[in-house]
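**Student:** Here you go, entry-v5.txt (compact mmCIF, C-alpha atoms):
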# COMPACT_ATOMS: atom_id res chain seq x y z
CA MET D 1 5.07 -26.90 0.84
CA SER D 2 1.47 -27.96 1.11
CA ARG D 3 -1.20 -25.64 2.36
CA LEU D 4 -1.50 -27.79 5.51
CA ASP D 5 2.06 -26.81 6.44
CA LEU D 6 1.29 -23.08 6.42
CA ILE D 7 -0.38 -23.22 9.85
CA THR D 8 0.74 -25.62 12.58
CA VAL D 9 -1.62 -27.50 14.85
CA GLU D 10 -0.74 -24.98 17.57
CA GLY D 11 -2.04 -22.18 15.35
CA PHE D 12 1.32 -20.66 14.34
CA ARG D 13 2.28 -19.65 10.81
CA ILE D 14 5.66 -20.28 9.17
CA ASP D 15 6.99 -16.90 10.38
CA GLY D 16 5.77 -17.46 13.95
CA ARG D 17 2.71 -15.22 13.84
CA ARG D 18 -0.84 -16.07 14.79
CA THR D 19 -3.46 -15.86 12.06
CA ASN D 20 -4.68 -12.46 13.31
CA GLU D 21 -1.26 -10.81 13.65
CA LEU D 22 0.33 -8.23 11.36
CA ARG D 23 3.97 -8.30 10.38
CA LYS D 24 6.21 -5.73 12.04
CA ILE D 25 5.91 -2.30 10.40
CA THR D 26 8.78 0.18 10.23
CA ALA D 27 8.26 3.51 8.46
CA LYS D 28 9.73 6.97 8.09
CA THR D 29 9.04 10.07 6.00
CA SER D 30 11.13 12.75 4.27
CA VAL D 31 13.71 10.27 2.99
CA PHE D 32 14.27 12.24 -0.27
CA SER D 33 15.24 15.90 -0.18
CA GLN D 34 14.54 16.35 -3.91
CA ALA D 35 10.92 15.13 -3.78
CA ASP D 36 8.01 17.19 -2.48
CA GLY D 37 7.14 14.25 -0.23
CA SER D 38 8.63 10.82 0.34
CA ALA D 39 8.36 7.79 2.60
CA TYR D 40 9.96 4.43 3.22
CA ILE D 41 8.07 1.53 4.75
CA GLU D 42 8.83 -2.05 5.68
CA GLN D 43 5.99 -4.47 6.32
CA GLY D 44 7.78 -7.60 7.40
CA ASN D 45 10.38 -8.17 4.69
CA THR D 46 8.48 -6.24 2.03
CA LYS D 47 10.22 -2.90 1.49
CA CYS D 48 8.78 0.03 -0.44
CA LEU D 49 9.96 3.55 -1.23
CA ALA D 50 7.46 6.22 -2.31
CA ALA D 51 8.11 9.69 -3.74
CA VAL D 52 5.53 12.37 -4.55
CA TYR D 53 6.05 15.34 -6.87
CA GLY D 54 3.54 18.10 -7.38
CA PRO D 55 1.11 19.59 -7.86
CA ARG D 56 3.02 20.74 -10.93
CA GLU D 57 2.46 21.49 -14.58
CA VAL D 58 1.11 18.54 -16.56
CA ARG D 59 3.67 16.70 -18.65
CA HIS D 60 1.34 16.27 -21.62
CA ARG D 61 -1.36 18.80 -22.43
CA THR D 62 -3.78 16.05 -23.37
CA GLN D 63 -3.72 14.86 -19.74
CA ALA D 64 -4.74 18.25 -18.32
CA LEU D 65 -8.12 18.24 -16.56
CA GLN D 66 -9.95 21.56 -16.35
CA ASP D 67 -11.59 20.97 -12.97
CA ARG D 68 -9.03 18.90 -11.05
CA ALA D 69 -5.49 17.57 -10.89
CA PHE D 70 -4.40 14.54 -12.88
CA ILE D 71 -2.91 11.79 -10.70
CA ASN D 72 -0.10 9.79 -12.24
CA VAL D 73 1.10 6.60 -10.51
CA GLU D 74 4.19 4.67 -11.59
CA PHE D 75 5.05 1.35 -9.93
CA ASN D 76 8.28 -0.56 -10.29
CA LEU D 77 9.39 -3.89 -8.87
CA ALA D 78 13.17 -4.27 -8.63
CA PRO D 79 14.53 -7.37 -10.43
CA PHE D 80 16.37 -8.41 -7.24
CA SER D 81 13.30 -7.98 -5.01
CA SER D 82 12.32 -11.66 -5.04
CA THR D 83 13.63 -15.11 -5.97
CA GLU D 84 12.08 -14.67 -9.42
CA ARG D 85 14.81 -12.87 -11.38
CA LYS D 86 12.52 -11.33 -13.95
CA LYS D 87 13.03 -7.75 -15.03
CA ARG D 88 9.75 -5.84 -14.99
CA THR D 89 9.30 -2.49 -16.67
CA LYS D 90 6.74 0.16 -15.78
CA ASN D 91 4.75 -1.03 -18.84
CA ASP D 92 4.61 -4.61 -17.57
CA LYS D 93 1.00 -5.82 -17.37
CA ARG D 94 1.09 -6.51 -13.61
CA SER D 95 2.84 -3.20 -12.92
CA LEU D 96 0.23 -1.28 -14.91
CA GLU D 97 -2.53 -3.14 -13.07
CA LEU D 98 -1.12 -2.25 -9.64
CA SER D 99 -0.60 1.37 -10.74
CA ALA D 100 -4.27 1.55 -11.78
CA PHE D 101 -5.45 0.10 -8.44
CA ILE D 102 -3.39 2.64 -6.51
CA ARG D 103 -4.53 5.58 -8.66
CA GLN D 104 -8.20 4.57 -8.32
CA THR D 105 -7.73 4.25 -4.55
CA PHE D 106 -6.39 7.78 -4.12
CA GLU D 107 -8.43 9.70 -6.71
CA PRO D 108 -11.53 10.02 -4.47
CA VAL D 109 -9.41 10.90 -1.41
CA ILE D 110 -7.01 13.58 -2.69
CA LEU D 111 -8.69 16.99 -2.98
CA THR D 112 -7.76 17.28 -6.63
CA SER D 113 -10.31 20.05 -7.29
CA GLN D 114 -7.97 22.47 -5.51
CA PHE D 115 -5.36 22.03 -8.24
CA PRO D 116 -7.04 22.24 -11.68
CA ARG D 117 -4.91 21.72 -14.80
CA SER D 118 -2.02 20.29 -12.76
CA GLN D 119 -0.43 16.90 -12.13
CA ILE D 120 0.50 14.93 -9.01
CA ASP D 121 3.06 12.16 -9.54
CA ILE D 122 3.36 9.17 -7.19
CA TYR D 123 6.40 6.94 -7.78
CA LEU D 124 6.62 3.58 -5.99
CA GLN D 125 9.60 1.24 -5.89
CA ILE D 126 9.58 -2.20 -4.29
CA PHE D 127 13.08 -3.23 -3.19
CA GLN D 128 12.13 -6.49 -1.51
CA ASN D 129 8.99 -8.52 -2.11
CA ASP D 130 7.80 -10.79 0.67
CA GLY D 131 4.08 -10.51 -0.06
CA GLY D 132 1.51 -7.77 0.37
CA VAL D 133 2.96 -5.52 -2.34
CA LEU D 134 -0.26 -3.63 -3.07
CA GLN D 135 -1.02 -2.86 0.59
CA CYS D 136 2.57 -1.81 1.21
CA CYS D 137 2.50 0.59 -1.77
CA ILE D 138 -0.78 2.18 -0.66
CA ASN D 139 0.50 2.72 2.88
CA ALA D 140 3.79 4.15 1.61
CA ALA D 141 1.94 6.47 -0.80
CA THR D 142 -0.27 7.72 2.04
CA LEU D 143 2.79 8.69 4.09
CA ALA D 144 4.47 10.35 1.10
CA LEU D 145 1.34 12.36 0.21
CA VAL D 146 1.00 13.60 3.79
CA ASP D 147 4.70 14.45 3.79
CA ALA D 148 4.20 16.45 0.58
CA GLY D 149 1.36 18.43 2.14
CA ILE D 150 -1.16 17.20 -0.43
CA PRO D 151 -4.66 17.80 1.03
CA MET D 152 -6.64 14.57 1.52
CA MET D 153 -9.97 13.67 3.10
CA ASP D 154 -8.30 11.07 5.31
CA TYR D 155 -5.48 8.58 5.53
CA VAL D 156 -5.77 5.56 3.23
CA CYS D 157 -4.70 2.38 5.04
CA ALA D 158 -4.52 -0.99 3.33
CA CYS D 159 -4.17 -4.57 4.53
CA SER D 160 -4.38 -8.01 2.96
CA VAL D 161 -6.10 -11.06 4.35
CA GLY D 162 -6.38 -14.60 3.07
CA CYS D 163 -8.03 -17.90 3.89
CA ILE D 164 -5.73 -20.78 4.81
CA ASP D 165 -7.43 -24.08 5.65
CA LYS D 166 -10.71 -22.11 5.92
CA GLU D 167 -9.04 -19.93 8.58
CA PRO D 168 -9.03 -16.14 7.96
CA THR D 169 -5.35 -15.10 7.98
CA LEU D 170 -4.11 -11.52 8.23
CA ASP D 171 -1.26 -9.93 6.25
CA LEU D 172 -0.02 -12.77 4.03
CA ASN D 173 3.67 -13.19 3.27
CA GLN D 174 5.02 -14.39 -0.07
CA VAL D 175 5.11 -18.10 0.82
CA GLU D 176 1.45 -17.95 1.84
CA GLU D 177 0.53 -16.01 -1.30
CA SER D 178 2.38 -18.42 -3.58
CA ASN D 179 0.34 -21.39 -2.36
CA ASP D 180 -2.79 -20.28 -4.23
CA THR D 181 -4.26 -18.82 -1.06
CA PRO D 182 -7.43 -16.79 -1.70
CA GLU D 183 -6.37 -13.21 -0.90
CA LEU D 184 -8.30 -9.99 -0.45
CA THR D 185 -6.66 -6.56 -0.21
CA VAL D 186 -8.78 -3.93 1.53
CA ALA D 187 -8.10 -0.18 1.77
CA ILE D 188 -10.20 1.97 4.08
CA LEU D 189 -10.53 5.54 5.31
CA PRO D 190 -10.05 5.08 9.08
CA ARG D 191 -12.17 7.97 10.35
CA THR D 192 -15.31 6.96 8.50
CA GLY D 193 -14.59 3.27 7.93
CA LYS D 194 -15.37 3.74 4.24
CA VAL D 195 -13.91 1.01 2.03
CA ASN D 196 -11.91 2.52 -0.82
CA LEU D 197 -10.52 -0.63 -2.41
CA LEU D 198 -11.42 -4.31 -2.56
CA GLU D 199 -9.06 -6.37 -4.70
CA MET D 200 -9.38 -10.15 -4.86
CA GLU D 201 -6.67 -12.65 -5.79
CA ALA D 202 -8.13 -16.13 -6.52
CA ARG D 203 -11.62 -17.33 -5.65
CA LEU D 204 -13.09 -17.07 -2.17
CA HIS D 205 -16.27 -18.69 -0.86
CA ILE D 206 -18.98 -16.09 -0.28
CA ASP D 207 -19.60 -17.41 3.25
CA LYS D 208 -16.09 -16.30 4.27
CA LEU D 209 -16.24 -12.82 2.75
CA ALA D 210 -17.78 -10.98 5.71
CA GLU D 211 -15.41 -12.57 8.23
CA ILE D 212 -12.34 -11.90 6.09
CA THR D 213 -13.36 -8.30 5.37
CA GLU D 214 -13.87 -7.65 9.08
CA LEU D 215 -10.39 -9.01 9.87
CA ALA D 216 -8.86 -6.88 7.10
CA THR D 217 -10.59 -3.79 8.51
CA GLU D 218 -9.15 -4.50 11.95
CA GLY D 219 -5.71 -4.82 10.36
CA CYS D 220 -6.18 -1.51 8.53
CA MET D 221 -7.00 0.23 11.81
CA GLN D 222 -3.84 -1.15 13.41
CA ILE D 223 -1.83 0.12 10.44
CA TYR D 224 -3.55 3.52 10.71
CA HIS D 225 -2.34 3.97 14.30
CA THR D 226 1.20 3.06 13.20
CA LEU D 227 1.20 5.49 10.24
CA ASP D 228 -0.38 8.25 12.31
CA GLY D 229 2.34 7.77 14.94
CA VAL D 230 5.03 8.13 12.26
CA ILE D 231 3.49 11.37 10.94
CA ARG D 232 3.07 12.85 14.43
CA LYS D 233 6.64 11.97 15.36
CA ASN D 234 7.97 13.59 12.18
CA THR D 235 5.83 16.69 12.77
CA GLN D 236 7.15 17.03 16.31
CA HIS D 237 10.70 16.72 14.97
CA LEU D 238 10.08 19.51 12.44
CA MET D 239 8.50 21.73 15.12
CA SER D 240 11.48 21.24 17.43
CA ARG D 241 13.86 22.23 14.61
CA LEU D 242 11.82 25.36 13.85
CA ASN D 243 11.80 26.38 17.51
CA ALA D 244 15.50 25.66 18.01
Any chance you could put this one into structure tokens?
**Tutor:**
Amino acid sequence: MSRLDLITVEGFRIDGRRTNELRKITAKTSVFSQADGSAYIEQGNTKCLAAVYGPREVRHRTQALQDRAFINVEFNLAPFSSTERKKRTKNDKRSLELSAFIRQTFEPVILTSQFPRSQIDIYLQIFQNDGGVLQCCINAATLALVDAGIPMMDYVCACSVGCIDKEPTLDLNQVEESNDTPELTVAILPRTGKVNLLEMEARLHIDKLAEITELATEGCMQIYHTLDGVIRKNTQHLMSRLNA
């Protein structure tokens, strides 16, 4: 498929969305009883499960930090998650790279100073990959951390945006990503608008950066309202069970 086929003359993408539309988001929390916090999220056909454990004793003494908690992130992509049947381990280069992005995104947001010499583990599993893996993992991790009661400065909401035929395009799917589309993943703190992550895939002309970043920020705010609704609904459910 050529890049020209990704957007029709009427302005529709291959999945029927406009260029400024997000994929449908479905999410829920407390999906694991064994974890301190957990969440499941679907962004379009990309499906991610997140589990959070801790704060707890550090696994290796060398990782212990005297003034704050150590954040450990492990990412795994299921072999059956995409058409590429390649088994990836947690030590795969791309998996380690994504784990590092996610850890760096949450380190300034989690109030780690409240838990010195401890460890917080975030485990992420992608079951189906239809693009936007990094943003989906960050959003799932946010829900799981809130579910675990880990204190944070704010939500962290992430969204990807690309440039197809010089047209800023929100929330790319896998077909759009696989056509060498310049892609930018942005994570923000919704209350302040502070940008916590900017991750670029492929080159993008500098003249398009401001427009694309603005569209990504708008997408992040839409995702924030969705995630906040999920948390509030789950909290109301817990309150009703306590009062029953």
**Student:** Please, which residues in stretch 131-185 of chain D fall within 12 Å of stretch 197-208 of chain D when counting all atoms listed in the file, and what is the closest atom pair and distance in Å to one decimal for each, ordered by chain then residue number, as CSV?
**Tutor:**
residue,atom,partner,partner_atom,distance
D:Gly132,CA,D:Glu201,CA,11.3
D:Leu134,CA,D:Glu199,CA,9.4
D:Gln135,CA,D:Leu197,CA,10.2
D:Ile138,CA,D:Leu197,CA,10.3
D:Val156,CA,D:Leu197,CA,9.6
D:Cys157,CA,D:Leu197,CA,9.9
D:Ala158,CA,D:Leu197,CA,8.3
D:Cys159,CA,D:Leu198,CA,10.1
D:Ser160,CA,D:Glu199,CA,9.1
D:Val161,CA,D:Met200,CA,9.8
D:Gly162,CA,D:Leu204,CA,8.9
D:Cys163,CA,D:Leu204,CA,7.9
D:Ile164,CA,D:Leu204,CA,10.8
D:Asp165,CA,D:Lys208,CA,11.7
D:Lys166,CA,D:Lys208,CA,8.1
D:Glu167,CA,D:Lys208,CA,9.0
D:Pro168,CA,D:Lys208,CA,8.0
D:Thr169,CA,D:Lys208,CA,11.4
D:Leu172,CA,D:Glu201,CA,11.9
D:Glu177,CA,D:Glu201,CA,9.1
D:Ser178,CA,D:Glu201,CA,11.0
D:Asn179,CA,D:Ala202,CA,10.8
D:Asp180,CA,D:Ala202,CA,7.1
D:Thr181,CA,D:Ala202,CA,7.2
D:Pro182,CA,D:Ala202,CA,4.9
D:Glu183,CA,D:Glu201,CA,4.9
D:Leu184,CA,D:Met200,CA,4.5
D:Thr185,CA,D:Glu199,CA,5.1
**Student:** With only C-alpha atoms as the basis for distance, which of D:Arg232, D:His225, D:Arg59, D:His237 is at the shortest distance from D:Ile25?
**Tutor:**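 Nearest to D:Ile25: D:His225.
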**Student:** Taking only C-alpha atoms into account, which of D:Gln128, D:Ala100, D:Gln66, D:Ile122 comes nearest D:Ala78?
**Tutor:**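 Of all the options, D:Gln128 lies closest to D:Ala78.
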**Student:** Using all atoms listed in the file, find the one residue out of D:Gly149, D:Gly16, D:Pro55, D:Pro108 that sits nearest to D:Gly37.
**Tutor:**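 Ranked by minimum distance to D:Gly37, first place goes to D:Gly149.
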**Student:** Could you give me, as a PyMOL selection string, the residues that have an atom at most 10 Å away from the point (3.4, -0.8, 0.7) in the coordinates of the file, using all atoms listed in the file?
**Tutor:** chain D and resi 40-43+46-50+124-126+129+131-142+157-159
**Student:** Nearest to D:Ser81 among D:Asp171, D:Glu21, D:Asp130, D:Glu218, with distances taken over all atoms listed in the file: which residue is it?
**Tutor:**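 Smallest separation from D:Ser81 among the options: D:Asp130.
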**Student:** Go through D:Tyr224, D:Phe101, D:Tyr155, D:Phe32 and flag the residue nearest D:Val73, using all atoms listed in the file for the distances.
**Tutor:**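 Result for the nearest residue to D:Val73: D:Phe101.
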**Student:** Using only C-alpha atoms, which residues sit within 9 Å of D:Lys28 once same-chain residues fewer than 2 positions away are excluded, as JSON, numbers by chain?
**Tutor:** {"D": [26, 30, 31, 38, 39, 40, 41, 143, 227, 230, 231, 234]}
**Student:** State, in Å with one decimal place, the distance from atom CA of D:Val186 to atom CA of D:Gln63.
**Tutor:**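 A separation of 28.8 Å between them.
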**Student:** Do you have the atom CA of D:Ile7-atom CA of D:Met221 distance handy?
**Tutor:** 24.4 Å
**Student:** Expressed in Å to a single decimal, how great is the separation between atom CA of D:Asp67 and atom CA of D:Leu111?
**Tutor:**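 It comes out at 11.1 Å.
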**Student:** For each of D:Glu97, D:Asp92, D:Asp36, D:Glu107, take the minimum atom-to-atom distance to D:Phe70, counting all atoms listed in the file, then give the residue where this is smallest.
**Tutor:** D:Glu107
**Student:** Extract, using only C-alpha atoms, all DNA, RNA and protein residues at most 6 Å from D:Arg68, discarding same-chain residues fewer than 5 positions from it, and format them as a PyMOL selection string.
**Tutor:** chain D and resi 112-113+115-116
**Student:** Env of D:Leu215: 8 Å cut, atoms = all atoms listed in the file, seq-sep filter 2 positions within chain, self excluded. Answer as a PyMOL selection string.
**Tutor:** chain D and resi 20+161+168+170+211-213+217-219
**Student:** Extract, using all atoms listed in the file, all DNA, RNA and protein residues at most 7 Å from D:Arg56, discarding same-chain residues fewer than 4 positions from it, and format them as a ChimeraX atom specification.
**Tutor:** /D:118-120
**Student:** Neighbouring residues of D:Arg117 were defined as those with any atom within 6 Å, considering only C-alpha atoms; residues of the same chain fewer than 2 positions away were excluded. Please report them as a list in words.
**Tutor:** Ala64, Leu65, Gln66 and Ala69 of chain D
**Student:** With C-alpha atoms retained, write the just-selected residues as an mmCIF file, in the coordinates of the input.
**Tutor:**
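Okay, again24.cif is ready:
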data_model
loop_
_atom_site.group_PDB
_atom_site.id
_atom_site.type_symbol
_atom_site.label_atom_id
_atom_site.label_comp_id
_atom_site.auth_asym_id
_atom_site.auth_seq_id
_atom_site.Cartn_x
_atom_site.Cartn_y
_atom_site.Cartn_z
ATOM 1 C CA ALA D 64 -4.740 18.250 -18.320
ATOM 2 C CA LEU D 65 -8.120 18.240 -16.560
ATOM 3 C CA GLN D 66 -9.950 21.560 -16.350
ATOM 4 C CA ALA D 69 -5.490 17.570 -10.890
#
